[in-house]
>>> print(open('final.pdb').read())   # PDB, C-alpha atoms
MODEL        1
ATOM      1  CA  MET A   1      93.901 -49.688   6.524
ATOM      2  CA  THR A   2      95.642 -48.885   3.238
ATOM      3  CA  THR A   3      95.053 -45.502   1.686
ATOM      4  CA  THR A   4      95.536 -44.648  -1.938
ATOM      5  CA  PRO A   5      97.782 -41.657  -2.538
ATOM      6  CA  PRO A   6      96.048 -38.732  -4.229
ATOM      7  CA  LEU A   7      96.227 -38.662  -8.013
ATOM      8  CA  ARG A   8      98.939 -36.253  -9.178
ATOM      9  CA  LEU A   9      98.013 -34.558 -12.415
ATOM     10  CA  THR A  10     101.169 -33.845 -14.399
ATOM     11  CA  HIS A  11      99.700 -30.767 -16.104
ATOM     12  CA  LEU A  12      99.257 -28.979 -12.766
ATOM     13  CA  ASP A  13     101.992 -27.404 -10.661
ATOM     14  CA  ASP A  14     102.088 -27.586  -6.849
ATOM     15  CA  ALA A  15      99.736 -24.593  -6.630
ATOM     16  CA  GLY A  16      97.217 -26.238  -8.958
ATOM     17  CA  HIS A  17      97.970 -24.036 -11.960
ATOM     18  CA  ALA A  18      98.154 -25.398 -15.494
ATOM     19  CA  ARG A  19     101.661 -25.967 -16.838
ATOM     20  CA  MET A  20     103.326 -27.692 -19.717
ATOM     21  CA  VAL A  21     105.040 -30.887 -18.572
ATOM     22  CA  ASP A  22     108.825 -30.703 -18.910
ATOM     23  CA  VAL A  23     109.949 -33.617 -21.096
ATOM     24  CA  THR A  24     113.579 -32.488 -21.416
ATOM     25  CA  ALA A  25     114.971 -35.519 -19.568
ATOM     26  CA  LYS A  26     113.000 -38.056 -21.605
ATOM     27  CA  GLN A  27     114.730 -39.938 -24.389
ATOM     28  CA  PRO A  28     113.189 -39.774 -27.851
ATOM     29  CA  THR A  29     111.557 -43.054 -28.838
ATOM     30  CA  VAL A  30     109.398 -44.187 -31.720
ATOM     31  CA  ARG A  31     105.777 -43.619 -30.784
ATOM     32  CA  GLU A  32     102.509 -44.244 -32.572
ATOM     33  CA  ALA A  33      98.877 -43.551 -31.766
ATOM     34  CA  VAL A  34      95.687 -44.634 -33.502
ATOM     35  CA  ALA A  35      92.395 -42.801 -33.009
ATOM     36  CA  VAL A  36      88.969 -43.414 -34.506
ATOM     37  CA  GLY A  37      85.683 -41.597 -34.886
ATOM     38  CA  GLU A  38      82.542 -41.572 -36.990
ATOM     39  CA  VAL A  39      80.204 -39.181 -38.736
ATOM     40  CA  ARG A  40      76.648 -40.517 -38.835
ATOM     41  CA  CYS A  41      74.831 -39.376 -41.961
ATOM     42  CA  SER A  42      71.445 -39.705 -43.604
ATOM     43  CA  PRO A  43      70.866 -42.291 -46.338
ATOM     44  CA  THR A  44      70.771 -39.423 -48.855
ATOM     45  CA  VAL A  45      74.280 -38.304 -47.871
ATOM     46  CA  MET A  46      75.651 -41.839 -47.840
ATOM     47  CA  THR A  47      74.324 -42.366 -51.380
ATOM     48  CA  ALA A  48      75.853 -39.062 -52.506
ATOM     49  CA  LEU A  49      79.188 -40.012 -50.923
ATOM     50  CA  ARG A  50      79.205 -43.378 -52.710
ATOM     51  CA  GLU A  51      78.239 -41.780 -56.036
ATOM     52  CA  GLY A  52      80.576 -38.796 -55.641
ATOM     53  CA  THR A  53      77.705 -36.341 -56.050
ATOM     54  CA  VAL A  54      78.039 -34.210 -52.908
ATOM     55  CA  PRO A  55      77.700 -30.626 -54.213
ATOM     56  CA  LYS A  56      80.880 -29.376 -52.454
ATOM     57  CA  GLY A  57      83.103 -31.994 -54.115
ATOM     58  CA  ASP A  58      85.286 -34.903 -52.990
ATOM     59  CA  VAL A  59      84.410 -35.114 -49.300
ATOM     60  CA  LEU A  60      86.774 -37.944 -48.445
ATOM     61  CA  ALA A  61      89.814 -36.314 -50.094
ATOM     62  CA  VAL A  62      89.173 -32.999 -48.340
ATOM     63  CA  ALA A  63      88.633 -34.714 -44.975
ATOM     64  CA  ARG A  64      91.814 -36.783 -45.376
ATOM     65  CA  ILE A  65      93.968 -33.720 -46.090
ATOM     66  CA  ALA A  66      92.285 -31.685 -43.334
ATOM     67  CA  GLY A  67      93.008 -34.444 -40.813
ATOM     68  CA  ILE A  68      96.662 -34.740 -41.791
ATOM     69  CA  ALA A  69      97.116 -30.961 -41.637
ATOM     70  CA  ALA A  70      95.435 -30.882 -38.216
ATOM     71  CA  ALA A  71      97.766 -33.540 -36.788
ATOM     72  CA  LYS A  72     100.720 -31.294 -37.671
ATOM     73  CA  ARG A  73      99.113 -28.238 -36.021
ATOM     74  CA  THR A  74      97.951 -29.774 -32.742
ATOM     75  CA  PRO A  75     100.173 -27.596 -30.489
ATOM     76  CA  GLU A  76      98.555 -24.487 -31.988
ATOM     77  CA  LEU A  77      95.130 -25.748 -30.882
ATOM     78  CA  LEU A  78      95.924 -27.361 -27.521
ATOM     79  CA  PRO A  79      97.893 -24.956 -25.324
ATOM     80  CA  LEU A  80      99.667 -27.606 -23.230
ATOM     81  CA  ALA A  81     100.561 -29.953 -26.114
ATOM     82  CA  HIS A  82     104.245 -30.178 -26.979
ATOM     83  CA  THR A  83     105.565 -29.209 -30.370
ATOM     84  CA  ILE A  84     106.886 -32.475 -31.763
ATOM     85  CA  GLY A  85     107.939 -33.758 -35.122
ATOM     86  CA  VAL A  86     105.053 -35.569 -36.741
ATOM     87  CA  HIS A  87     106.955 -38.040 -38.900
ATOM     88  CA  GLY A  88     103.964 -39.813 -40.360
ATOM     89  CA  ALA A  89     100.222 -39.280 -40.425
ATOM     90  CA  SER A  90      97.519 -41.142 -42.277
ATOM     91  CA  VAL A  91      93.791 -40.563 -42.200
ATOM     92  CA  ASP A  92      91.607 -43.310 -43.629
ATOM     93  CA  LEU A  93      87.896 -42.910 -44.295
ATOM     94  CA  GLU A  94      85.536 -45.816 -44.867
ATOM     95  CA  LEU A  95      81.921 -45.643 -45.962
ATOM     96  CA  ALA A  96      79.709 -47.834 -43.794
ATOM     97  CA  PRO A  97      75.952 -48.167 -44.401
ATOM     98  CA  ASP A  98      74.988 -45.141 -42.275
ATOM     99  CA  ARG A  99      78.258 -43.456 -41.367
ATOM    100  CA  VAL A 100      81.751 -42.468 -42.372
ATOM    101  CA  ARG A 101      84.355 -44.250 -40.242
ATOM    102  CA  ILE A 102      87.594 -42.334 -39.703
ATOM    103  CA  THR A 103      90.910 -43.784 -38.523
ATOM    104  CA  ALA A 104      94.035 -41.692 -37.966
ATOM    105  CA  THR A 105      97.483 -43.132 -37.339
ATOM    106  CA  VAL A 106     100.253 -40.745 -36.300
ATOM    107  CA  ARG A 107     103.953 -41.555 -35.751
ATOM    108  CA  THR A 108     106.904 -39.715 -34.284
ATOM    109  CA  ALA A 109     110.342 -40.350 -32.816
ATOM    110  CA  ASP A 110     110.219 -37.834 -30.006
ATOM    111  CA  ARG A 111     110.006 -37.360 -26.225
ATOM    112  CA  THR A 112     106.238 -37.439 -25.907
ATOM    113  CA  GLY A 113     103.358 -39.308 -27.488
ATOM    114  CA  VAL A 114     101.089 -38.509 -30.408
ATOM    115  CA  GLU A 115      97.683 -39.353 -28.939
ATOM    116  CA  MET A 116      96.533 -35.723 -29.138
ATOM    117  CA  GLU A 117      97.711 -35.489 -32.739
ATOM    118  CA  ALA A 118      95.739 -38.611 -33.679
ATOM    119  CA  LEU A 119      92.619 -37.338 -31.883
ATOM    120  CA  THR A 120      92.965 -33.937 -33.545
ATOM    121  CA  ALA A 121      93.329 -35.567 -36.965
ATOM    122  CA  VAL A 122      90.135 -37.591 -36.501
ATOM    123  CA  SER A 123      88.207 -34.634 -35.081
ATOM    124  CA  VAL A 124      89.144 -32.244 -37.875
ATOM    125  CA  ALA A 125      88.555 -34.872 -40.575
ATOM    126  CA  ALA A 126      85.094 -35.420 -39.073
ATOM    127  CA  LEU A 127      84.454 -31.673 -39.013
ATOM    128  CA  ALA A 128      85.444 -31.481 -42.679
ATOM    129  CA  VAL A 129      82.927 -34.217 -43.518
ATOM    130  CA  VAL A 130      80.176 -32.369 -41.637
ATOM    131  CA  ASP A 131      81.109 -29.077 -43.296
ATOM    132  CA  MET A 132      80.923 -30.613 -46.754
ATOM    133  CA  VAL A 133      77.618 -32.471 -46.249
ATOM    134  CA  LYS A 134      75.733 -29.990 -44.060
ATOM    135  CA  GLY A 135      73.935 -28.532 -47.082
ATOM    136  CA  VAL A 136      72.428 -31.967 -47.742
ATOM    137  CA  ASP A 137      72.129 -33.241 -44.151
ATOM    138  CA  ARG A 138      71.974 -30.807 -41.221
ATOM    139  CA  SER A 139      71.705 -33.749 -38.817
ATOM    140  CA  ALA A 140      75.159 -35.244 -39.556
ATOM    141  CA  GLU A 141      76.657 -36.166 -36.183
ATOM    142  CA  ILE A 142      80.230 -36.759 -34.992
ATOM    143  CA  THR A 143      80.487 -39.657 -32.538
ATOM    144  CA  GLY A 144      82.898 -42.029 -30.874
ATOM    145  CA  VAL A 145      86.173 -40.078 -31.146
ATOM    146  CA  LYS A 146      88.751 -41.948 -29.066
ATOM    147  CA  VAL A 147      92.263 -43.332 -28.947
ATOM    148  CA  VAL A 148      92.234 -47.076 -29.619
ATOM    149  CA  ALA A 149      95.959 -47.849 -29.456
ATOM    150  CA  LYS A 150      99.318 -46.324 -28.638
ATOM    151  CA  SER A 151     102.848 -47.607 -28.589
ATOM    152  CA  GLY A 152     106.232 -46.390 -27.445
ATOM    153  CA  GLY A 153     107.362 -44.287 -24.555
ATOM    154  CA  ARG A 154     107.713 -45.152 -20.898
ATOM    155  CA  SER A 155     104.192 -46.555 -20.587
ATOM    156  CA  GLY A 156     104.699 -48.933 -23.525
ATOM    157  CA  ASP A 157     101.964 -50.368 -25.687
ATOM    158  CA  TRP A 158      98.261 -49.966 -24.967
ATOM    159  CA  HIS A 159      95.156 -51.139 -26.830
ATOM    160  CA  ARG A 160      91.588 -50.187 -25.923
ATOM    161  CA  PRO A 161      89.669 -53.310 -24.925
ATOM    162  CA  GLU A 162      86.876 -54.067 -27.371
ATOM    163  CA  ALA A 163      83.417 -53.583 -25.934
TER     164      ALA A 163
ENDMDL
END
>>> encode(input="final.pdb", output="structure tokens")
Amino acid sequence: MTTTPPLRLTHLDDAGHARMVDVTAKQPTVREAVAVGEVRCSPTVMTALREGTVPKGDVLAVARIAGIAAAKRTPELLPLAHTIGVHGASVDLELAPDRVRITATVRTADRTGVEMEALTAVSVAALAVVDMVKGVDRSAEITGVKVVAKSGGRSGDWHRPEA
């Protein structure tokens, strides 16, 4: 009978306490992560977004800048995230019929990946959208935040299989 060894979580020490993983011995490599998410909105909000008539102003511009700023501040928000150089970050927002689609792409040349930075960028961009439209639509909903691709590092390239 073959047994599977227990899963070792790298963010826990031998006593089971949280720790920051030591990446000192890793070599810096170019790394990229792409994350996506959506904000579902009412038809009224989607019309206002298309027409640029949301009372608080340019929702997409504010969300884009908020997402980029968030990617750069991820270690301040996630206590075990490493401080790394974010060398590139883009946040794209697309208006679909009933939602705002958000895609963040973050790049670095460092010792650890940028998945958390990409997820943080999408999450904060989505929060900015909700904040700016909540006066028109209290039911705006953030959904589907996830990493869809990453490249670089020891584990190499990964792409989320399409459902």
>>> residues_around(input="final.pdb", residues="region 104-109 of chain A", least_positions_apart="3", cutoff="6 Å", atoms="only C-alpha atoms", output="list in words")
Pro28, Thr29, Val30, Arg31, Glu32, Ala33, Val34, Ala35, Val86, His87, Gly88, Ala89, Ser90, Val91, Ala118 and Val122 of chain A
>>> resolve_selection(input="final.pdb", expression="the PyMOL selection byres ((chain A and resi 153-155) around 8)", output="list in words")
Thr29, Val30, Arg31, Arg111, Thr112, Gly113, Ser151, Gly152, Gly156 and Asp157 of chain A
>>> atom_distance(input="final.pdb", atom1="CA of Cys41 (chain A)", atom2="CA of Gly67 (chain A)")
18.9 Å
>>> residues_near_point(input="final.pdb", point="(99.2, -31.7, -40.6)", cutoff="10 Å", atoms="all atoms listed in the file", output="PyMOL selection string")
chain A and resi 65-74+86+88-90+117+120-121
>>> write_last_selection(input="final.pdb", atoms="C-alpha atoms", output="PDB file, keeping the file's coordinate frame")
ATOM      1  CA  ILE A  65      93.968 -33.720 -46.090  1.00  0.00           C
ATOM      2  CA  ALA A  66      92.285 -31.685 -43.334  1.00  0.00           C
ATOM      3  CA  GLY A  67      93.008 -34.444 -40.813  1.00  0.00           C
ATOM      4  CA  ILE A  68      96.662 -34.740 -41.791  1.00  0.00           C
ATOM      5  CA  ALA A  69      97.116 -30.961 -41.637  1.00  0.00           C
ATOM      6  CA  ALA A  70      95.435 -30.882 -38.216  1.00  0.00           C
ATOM      7  CA  ALA A  71      97.766 -33.540 -36.788  1.00  0.00           C
ATOM      8  CA  LYS A  72     100.720 -31.294 -37.671  1.00  0.00           C
ATOM      9  CA  ARG A  73      99.113 -28.238 -36.021  1.00  0.00           C
ATOM     10  CA  THR A  74      97.951 -29.774 -32.742  1.00  0.00           C
ATOM     11  CA  VAL A  86     105.053 -35.569 -36.741  1.00  0.00           C
ATOM     12  CA  GLY A  88     103.964 -39.813 -40.360  1.00  0.00           C
ATOM     13  CA  ALA A  89     100.222 -39.280 -40.425  1.00  0.00           C
ATOM     14  CA  SER A  90      97.519 -41.142 -42.277  1.00  0.00           C
ATOM     15  CA  GLU A 117      97.711 -35.489 -32.739  1.00  0.00           C
ATOM     16  CA  THR A 120      92.965 -33.937 -33.545  1.00  0.00           C
ATOM     17  CA  ALA A 121      93.329 -35.567 -36.965  1.00  0.00           C
TER      18      ALA A 121
END
>>> atom_distance(input="final.pdb", atom1="CA of Leu119 (chain A)", atom2="CA of Lys134 (chain A)")
22.1 Å
>>> residues_near_point(input="final.pdb", point="(86.6, -43.6, -47.7)", cutoff="10 Å", atoms="all atoms listed in the file", output="PyMOL selection string")
chain A and resi 49-50+59-61+63-64+91-96+100-102
>>> atom_distance(input="final.pdb", atom1="CA of Asp110 (chain A)", atom2="CA of Lys146 (chain A)")
21.9 Å
>>> resolve_selection(input="final.pdb", expression="the PyMOL selection byres ((chain A and resi 43) around 12)", output="CSV table (one decimal) with C-alpha atoms, keeping the file's coordinate frame")
chain,number,residue,atom,x,y,z
A,40,ARG,CA,76.6,-40.5,-38.8
A,41,CYS,CA,74.8,-39.4,-42.0
A,42,SER,CA,71.4,-39.7,-43.6
A,44,THR,CA,70.8,-39.4,-48.9
A,45,VAL,CA,74.3,-38.3,-47.9
A,46,MET,CA,75.7,-41.8,-47.8
A,47,THR,CA,74.3,-42.4,-51.4
A,48,ALA,CA,75.9,-39.1,-52.5
A,49,LEU,CA,79.2,-40.0,-50.9
A,50,ARG,CA,79.2,-43.4,-52.7
A,95,LEU,CA,81.9,-45.6,-46.0
A,96,ALA,CA,79.7,-47.8,-43.8
A,97,PRO,CA,76.0,-48.2,-44.4
A,98,ASP,CA,75.0,-45.1,-42.3
A,99,ARG,CA,78.3,-43.5,-41.4
A,100,VAL,CA,81.8,-42.5,-42.4
A,133,VAL,CA,77.6,-32.5,-46.2
A,136,VAL,CA,72.4,-32.0,-47.7
A,137,ASP,CA,72.1,-33.2,-44.2
A,139,SER,CA,71.7,-33.7,-38.8
A,140,ALA,CA,75.2,-35.2,-39.6
>>> closest_residue(input="final.pdb", among="A:Met132, A:Val145, A:Ala15, A:Ile84", to="Thr53 (chain A)", atoms="only C-alpha atoms")
A:Met132
>>> residues_around(input="final.pdb", residues="Glu162 (chain A)", least_positions_apart="3", cutoff="12 Å", atoms="only C-alpha atoms", output="JSON, numbers by chain")
{"A": [148, 149, 159]}
>>> closest_residue(input="final.pdb", among="A:Ala163, A:Val21, A:Val62, A:Ala125", to="Val39 (chain A)", atoms="only C-alpha atoms")
A:Ala125
>>> closest_residue(input="final.pdb", among="A:Gly57, A:Gly85, A:Pro79, A:Pro161", to="Asp131 (chain A)", atoms="all atoms listed in the file")
A:Gly57
>>> decode(input="final.pdb", residues="region 100-141 of chain A", atoms="C-alpha atoms", output="mmCIF file, in the first residue's frame")
data_model
loop_
_atom_site.group_PDB
_atom_site.id
_atom_site.type_symbol
_atom_site.label_atom_id
_atom_site.label_comp_id
_atom_site.auth_asym_id
_atom_site.auth_seq_id
_atom_site.Cartn_x
_atom_site.Cartn_y
_atom_site.Cartn_z
ATOM 1 C CA VAL A 100 -17.468 45.209 -15.544
ATOM 2 C CA ARG A 101 -14.716 42.706 -16.352
ATOM 3 C CA ILE A 102 -11.352 43.416 -14.729
ATOM 4 C CA THR A 103 -7.990 41.960 -15.763
ATOM 5 C CA ALA A 104 -4.730 42.730 -13.966
ATOM 6 C CA THR A 105 -1.301 41.774 -15.265
ATOM 7 C CA VAL A 106 1.678 42.234 -12.947
ATOM 8 C CA ARG A 107 5.376 41.669 -13.754
ATOM 9 C CA THR A 108 8.560 41.508 -11.733
ATOM 10 C CA ALA A 109 12.114 40.200 -11.928
ATOM 11 C CA ASP A 110 12.436 38.939 -8.385
ATOM 12 C CA ARG A 111 12.691 35.844 -6.168
ATOM 13 C CA THR A 112 8.986 35.220 -5.726
ATOM 14 C CA GLY A 113 5.859 35.473 -7.833
ATOM 15 C CA VAL A 114 3.301 38.223 -8.291
ATOM 16 C CA GLU A 115 0.056 36.257 -8.012
ATOM 17 C CA MET A 116 -0.943 38.075 -4.812
ATOM 18 C CA GLU A 117 -0.186 41.431 -6.418
ATOM 19 C CA ALA A 118 -2.395 40.597 -9.408
ATOM 20 C CA LEU A 119 -5.222 39.382 -7.146
ATOM 21 C CA THR A 120 -4.919 42.491 -4.981
ATOM 22 C CA ALA A 121 -5.034 44.730 -8.056
ATOM 23 C CA VAL A 122 -8.240 43.094 -9.305
ATOM 24 C CA SER A 123 -9.851 43.112 -5.859
ATOM 25 C CA VAL A 124 -9.142 46.775 -5.170
ATOM 26 C CA ALA A 125 -10.162 47.829 -8.690
ATOM 27 C CA ALA A 126 -13.444 45.971 -8.130
ATOM 28 C CA LEU A 127 -13.902 47.661 -4.755
ATOM 29 C CA ALA A 128 -13.341 51.038 -6.409
ATOM 30 C CA VAL A 129 -16.061 50.256 -8.962
ATOM 31 C CA VAL A 130 -18.485 49.272 -6.192
ATOM 32 C CA ASP A 131 -17.605 52.374 -4.177
ATOM 33 C CA MET A 132 -18.265 54.647 -7.135
ATOM 34 C CA VAL A 133 -21.569 53.047 -8.209
ATOM 35 C CA LYS A 134 -23.069 52.166 -4.821
ATOM 36 C CA GLY A 135 -25.142 55.360 -4.794
ATOM 37 C CA VAL A 136 -26.870 54.169 -7.973
ATOM 38 C CA ASP A 137 -26.803 50.396 -7.368
ATOM 39 C CA ARG A 138 -26.502 48.987 -3.839
ATOM 40 C CA SER A 139 -26.620 45.455 -5.260
ATOM 41 C CA ALA A 140 -23.349 45.668 -7.250
ATOM 42 C CA GLU A 141 -21.508 42.399 -6.614
#
